[in-house]
>>> print(open('final.cif').read())   # mmCIF, C-alpha atoms; chains and numbers go by the auth columns
data_coords
#
loop_
_atom_site.group_PDB
_atom_site.id
_atom_site.type_symbol
_atom_site.label_atom_id
_atom_site.label_comp_id
_atom_site.label_asym_id
_atom_site.label_seq_id
_atom_site.Cartn_x
_atom_site.Cartn_y
_atom_site.Cartn_z
_atom_site.B_iso_or_equiv
_atom_site.auth_seq_id
_atom_site.auth_asym_id
ATOM 1 C CA MET A 1 -149.547 -105.552 51.309 0.00 494 A
ATOM 2 C CA GLY A 2 -147.674 -102.286 50.722 0.00 495 A
ATOM 3 C CA LEU A 3 -145.261 -103.458 47.987 0.00 496 A
ATOM 4 C CA VAL A 4 -147.230 -101.506 45.400 0.00 497 A
ATOM 5 C CA ASP A 5 -145.733 -98.347 46.943 0.00 498 A
ATOM 6 C CA PHE A 6 -142.197 -99.403 45.905 0.00 499 A
ATOM 7 C CA SER A 7 -140.759 -99.257 42.387 0.00 500 A
ATOM 8 C CA HIS A 8 -138.351 -102.155 42.991 0.00 501 A
ATOM 9 C CA VAL A 9 -137.917 -105.214 45.199 0.00 502 A
ATOM 10 C CA GLU A 10 -134.946 -107.410 45.994 0.00 503 A
ATOM 11 C CA ILE A 11 -135.611 -111.113 45.491 0.00 504 A
ATOM 12 C CA LEU A 12 -133.541 -113.751 47.264 0.00 505 A
ATOM 13 C CA PHE A 13 -133.936 -117.199 45.767 0.00 506 A
ATOM 14 C CA HIS A 14 -132.473 -120.697 46.016 0.00 507 A
ATOM 15 C CA MET A 15 -130.592 -121.850 42.926 0.00 508 A
ATOM 16 C CA ASN A 16 -131.828 -125.387 43.502 0.00 509 A
ATOM 17 C CA GLN A 17 -131.075 -126.637 39.982 0.00 510 A
ATOM 18 C CA VAL A 18 -127.291 -126.232 40.267 0.00 511 A
ATOM 19 C CA ASP A 19 -125.455 -129.548 39.936 0.00 512 A
ATOM 20 C CA PRO A 20 -123.589 -130.029 43.263 0.00 513 A
ATOM 21 C CA GLY A 21 -120.637 -131.414 41.291 0.00 514 A
ATOM 22 C CA LYS A 22 -120.216 -128.049 39.554 0.00 515 A
ATOM 23 C CA ILE A 23 -119.938 -125.899 42.692 0.00 516 A
ATOM 24 C CA GLU A 24 -116.939 -123.573 42.264 0.00 517 A
ATOM 25 C CA LYS A 25 -114.278 -123.557 44.973 0.00 518 A
ATOM 26 C CA ASN A 26 -111.348 -122.142 43.008 0.00 519 A
ATOM 27 C CA ALA A 27 -110.665 -119.076 40.901 0.00 520 A
ATOM 28 C CA ARG A 28 -111.805 -119.253 37.292 0.00 521 A
ATOM 29 C CA HIS A 29 -112.265 -117.027 34.255 0.00 522 A
ATOM 30 C CA PRO A 30 -115.860 -115.682 34.270 0.00 523 A
ATOM 31 C CA ARG A 31 -117.875 -117.415 31.534 0.00 524 A
ATOM 32 C CA ASN A 32 -114.638 -119.341 30.797 0.00 525 A
ATOM 33 C CA ASN A 33 -113.387 -116.327 28.841 0.00 526 A
ATOM 34 C CA PRO A 34 -109.561 -116.367 29.010 0.00 527 A
ATOM 35 C CA GLU A 35 -109.507 -112.630 28.182 0.00 528 A
ATOM 36 C CA TRP A 36 -111.017 -111.927 31.617 0.00 529 A
ATOM 37 C CA PRO A 37 -108.979 -112.460 34.800 0.00 530 A
ATOM 38 C CA LYS A 38 -109.366 -115.484 37.036 0.00 531 A
ATOM 39 C CA VAL A 39 -111.462 -114.503 40.041 0.00 532 A
ATOM 40 C CA GLY A 40 -113.109 -116.376 42.891 0.00 533 A
ATOM 41 C CA ILE A 41 -116.820 -117.179 42.849 0.00 534 A
ATOM 42 C CA PHE A 42 -117.539 -114.383 45.367 0.00 535 A
ATOM 43 C CA ALA A 43 -116.052 -111.834 42.908 0.00 536 A
ATOM 44 C CA GLN A 44 -118.590 -112.786 40.244 0.00 537 A
ATOM 45 C CA ARG A 45 -122.274 -113.534 40.032 0.00 538 A
ATOM 46 C CA GLY A 46 -122.047 -117.074 38.640 0.00 539 A
ATOM 47 C CA LYS A 47 -124.648 -119.677 39.564 0.00 540 A
ATOM 48 C CA ASN A 48 -122.242 -122.349 40.811 0.00 541 A
ATOM 49 C CA ARG A 49 -121.933 -120.801 44.280 0.00 542 A
ATOM 50 C CA PRO A 50 -121.278 -122.788 47.455 0.00 543 A
ATOM 51 C CA ASN A 51 -124.380 -121.309 49.135 0.00 544 A
ATOM 52 C CA GLN A 52 -126.665 -121.532 46.065 0.00 545 A
ATOM 53 C CA ILE A 53 -128.378 -118.264 47.064 0.00 546 A
ATOM 54 C CA GLY A 54 -129.244 -115.835 44.296 0.00 547 A
ATOM 55 C CA THR A 55 -130.267 -112.221 44.633 0.00 548 A
ATOM 56 C CA THR A 56 -131.540 -109.699 42.136 0.00 549 A
ATOM 57 C CA VAL A 57 -133.265 -106.325 42.167 0.00 550 A
ATOM 58 C CA CYS A 58 -136.429 -106.247 40.038 0.00 551 A
ATOM 59 C CA LYS A 59 -138.877 -103.601 38.898 0.00 552 A
ATOM 60 C CA VAL A 60 -142.373 -104.061 40.329 0.00 553 A
ATOM 61 C CA LEU A 61 -144.822 -104.065 37.415 0.00 554 A
ATOM 62 C CA LYS A 62 -147.969 -104.964 39.323 0.00 555 A
ATOM 63 C CA VAL A 63 -149.211 -106.391 42.594 0.00 556 A
ATOM 64 C CA ASP A 64 -152.447 -108.369 42.380 0.00 557 A
ATOM 65 C CA GLY A 65 -153.362 -109.860 45.756 0.00 558 A
ATOM 66 C CA THR A 66 -150.564 -112.296 46.541 0.00 559 A
ATOM 67 C CA GLN A 67 -149.269 -112.256 42.945 0.00 560 A
ATOM 68 C CA LEU A 68 -146.204 -110.117 42.272 0.00 561 A
ATOM 69 C CA TYR A 69 -145.371 -109.239 38.653 0.00 562 A
ATOM 70 C CA LEU A 70 -141.733 -108.270 38.097 0.00 563 A
ATOM 71 C CA GLU A 71 -139.310 -107.203 35.396 0.00 564 A
ATOM 72 C CA GLY A 72 -135.671 -108.320 35.475 0.00 565 A
ATOM 73 C CA LEU A 73 -135.871 -111.430 37.652 0.00 566 A
ATOM 74 C CA ASP A 74 -132.613 -113.321 37.142 0.00 567 A
ATOM 75 C CA ALA A 75 -133.810 -116.769 38.238 0.00 568 A
ATOM 76 C CA ILE A 76 -134.884 -119.966 36.518 0.00 569 A
ATOM 77 C CA ASP A 77 -138.664 -120.421 36.467 0.00 570 A
ATOM 78 C CA GLY A 78 -139.681 -122.449 39.504 0.00 571 A
ATOM 79 C CA SER A 79 -136.715 -121.450 41.690 0.00 572 A
ATOM 80 C CA PRO A 80 -137.868 -121.241 45.315 0.00 573 A
ATOM 81 C CA VAL A 81 -138.097 -117.649 46.574 0.00 574 A
ATOM 82 C CA LEU A 82 -136.475 -117.273 49.997 0.00 575 A
ATOM 83 C CA ASP A 83 -137.392 -113.659 50.657 0.00 576 A
ATOM 84 C CA ILE A 84 -138.804 -110.492 49.089 0.00 577 A
ATOM 85 C CA LYS A 85 -137.552 -107.138 50.345 0.00 578 A
ATOM 86 C CA PRO A 86 -138.510 -103.671 49.180 0.00 579 A
ATOM 87 C CA TRP A 87 -135.618 -101.858 47.493 0.00 580 A
ATOM 88 C CA VAL A 88 -134.836 -98.866 49.680 0.00 581 A
ATOM 89 C CA ILE A 89 -132.682 -96.017 48.345 0.00 582 A
ATOM 90 C CA GLU A 90 -130.987 -95.596 51.709 0.00 583 A
ATOM 91 C CA PHE A 91 -129.627 -99.169 51.487 0.00 584 A
ATOM 92 C CA ALA A 92 -128.078 -98.530 48.064 0.00 585 A
ATOM 93 C CA PRO A 93 -124.301 -98.052 47.971 0.00 586 A
ATOM 94 C CA ARG A 94 -123.118 -94.747 49.386 0.00 587 A
ATOM 95 C CA GLY A 95 -120.296 -92.897 47.650 0.00 588 A
ATOM 96 C CA SER A 96 -118.845 -93.756 44.272 0.00 589 A
ATOM 97 C CA VAL A 97 -119.413 -97.201 42.800 0.00 590 A
ATOM 98 C CA PHE A 98 -116.869 -99.017 40.652 0.00 591 A
ATOM 99 C CA GLN A 99 -116.358 -102.426 39.077 0.00 592 A
ATOM 100 C CA PRO A 100 -113.800 -104.097 36.816 0.00 593 A
ATOM 101 C CA LYS A 101 -114.026 -103.600 33.055 0.00 594 A
ATOM 102 C CA TRP A 102 -114.627 -107.316 32.391 0.00 595 A
ATOM 103 C CA ILE A 103 -117.937 -107.357 34.285 0.00 596 A
ATOM 104 C CA SER A 104 -119.195 -104.377 32.272 0.00 597 A
ATOM 105 C CA GLU A 105 -118.304 -106.306 29.092 0.00 598 A
ATOM 106 C CA LEU A 106 -120.054 -109.433 30.405 0.00 599 A
ATOM 107 C CA MET A 107 -123.219 -107.509 31.320 0.00 600 A
ATOM 108 C CA LYS A 108 -123.387 -105.532 28.048 0.00 601 A
ATOM 109 C CA LYS A 109 -125.448 -108.267 26.348 0.00 602 A
ATOM 110 C CA TYR A 110 -126.918 -109.900 29.472 0.00 603 A
ATOM 111 C CA TRP A 111 -130.470 -108.543 29.243 0.00 604 A
#
>>> encode(input="final.cif", output="structure tokens")
Amino acid sequence: MGLVDFSHVEILFHMNQVDPGKIEKNARHPRNNPEWPKVGIFAQRGKNRPNQIGTTVCKVLKVDGTQLYLEGLDAIDGSPVLDIKPWVIEFAPRGSVFQPKWISELMKKYW
């Protein structure tokens, strides 16, 4: 009730299909691309995280009773949803935002 008044929501989900043997504990090249620097798992958005918690901000397309229709959910179908939070402008980053060039290259063809 009330989510229809928000354009976006943040979805927290459990990445329950990650193979425990593939959890990253060391630095690696994102997407195994040697042209990008080695970084730790907390400096990237890879799925093989120690906590197996995913988060993404999605556009709300429609709310129908208890059904929530979204655009841009970055989760495998059937992943358990841990929480749904309305996206609030005041919680967005304040000040200038920056990121390394490699992540912009990675995301260019993501969607």
>>> atom_distance(input="final.cif", atom1="atom CA of A:Met494", atom2="atom CA of A:Leu563")
15.6 Å
>>> closest_residue(input="final.cif", among="A:Pro523, A:Pro579, A:Pro513, A:Gly571", to="A:Val550", atoms="all atoms listed in the file")
A:Pro579
>>> resolve_selection(input="final.cif", expression="the PyMOL selection byres ((chain A and resi 526-529) around 12)", output="PyMOL selection string")
chain A and resi 520-525+530-532+537+593-599
>>> resolve_selection(input="final.cif", expression="the PyMOL selection byres ((chain A and resi 502) around 9)", output="list in words")
Leu496, Phe499, Ser500, His501, Glu503, Ile504, Thr549, Val550, Cys551, Lys552, Val553, Leu563, Ile577, Lys578, Pro579, Trp580 and Val581 of chain A
>>> residues_near_point(input="final.cif", point="(-133.1, -114.7, 37.4)", cutoff="12 Å", atoms="all atoms listed in the file", output="PyMOL selection string")
chain A and resi 503-508+538-540+546-551+563-574+603-604
>>> closest_residue(input="final.cif", among="A:Ala585, A:Phe591, A:Met600, A:Arg542", to="A:Asn509", atoms="only C-alpha atoms")
A:Arg542
>>> closest_residue(input="final.cif", among="A:Asp498, A:Asp512, A:Glu583, A:Asp576", to="A:Asn541", atoms="all atoms listed in the file")
A:Asp512
>>> closest_residue(input="final.cif", among="A:Pro543, A:Val497, A:Tyr562, A:Ala536", to="A:Lys515", atoms="all atoms listed in the file")
A:Pro543
>>> axis_aligned_box(input="final.cif", around="stretch 508-513 of chain A", padding_each_side="6 Å", output="JSON")
{"center_x": -127.7, "center_y": -125.9, "center_z": 41.7, "size_x": 20.2, "size_y": 20.2, "size_z": 15.6}
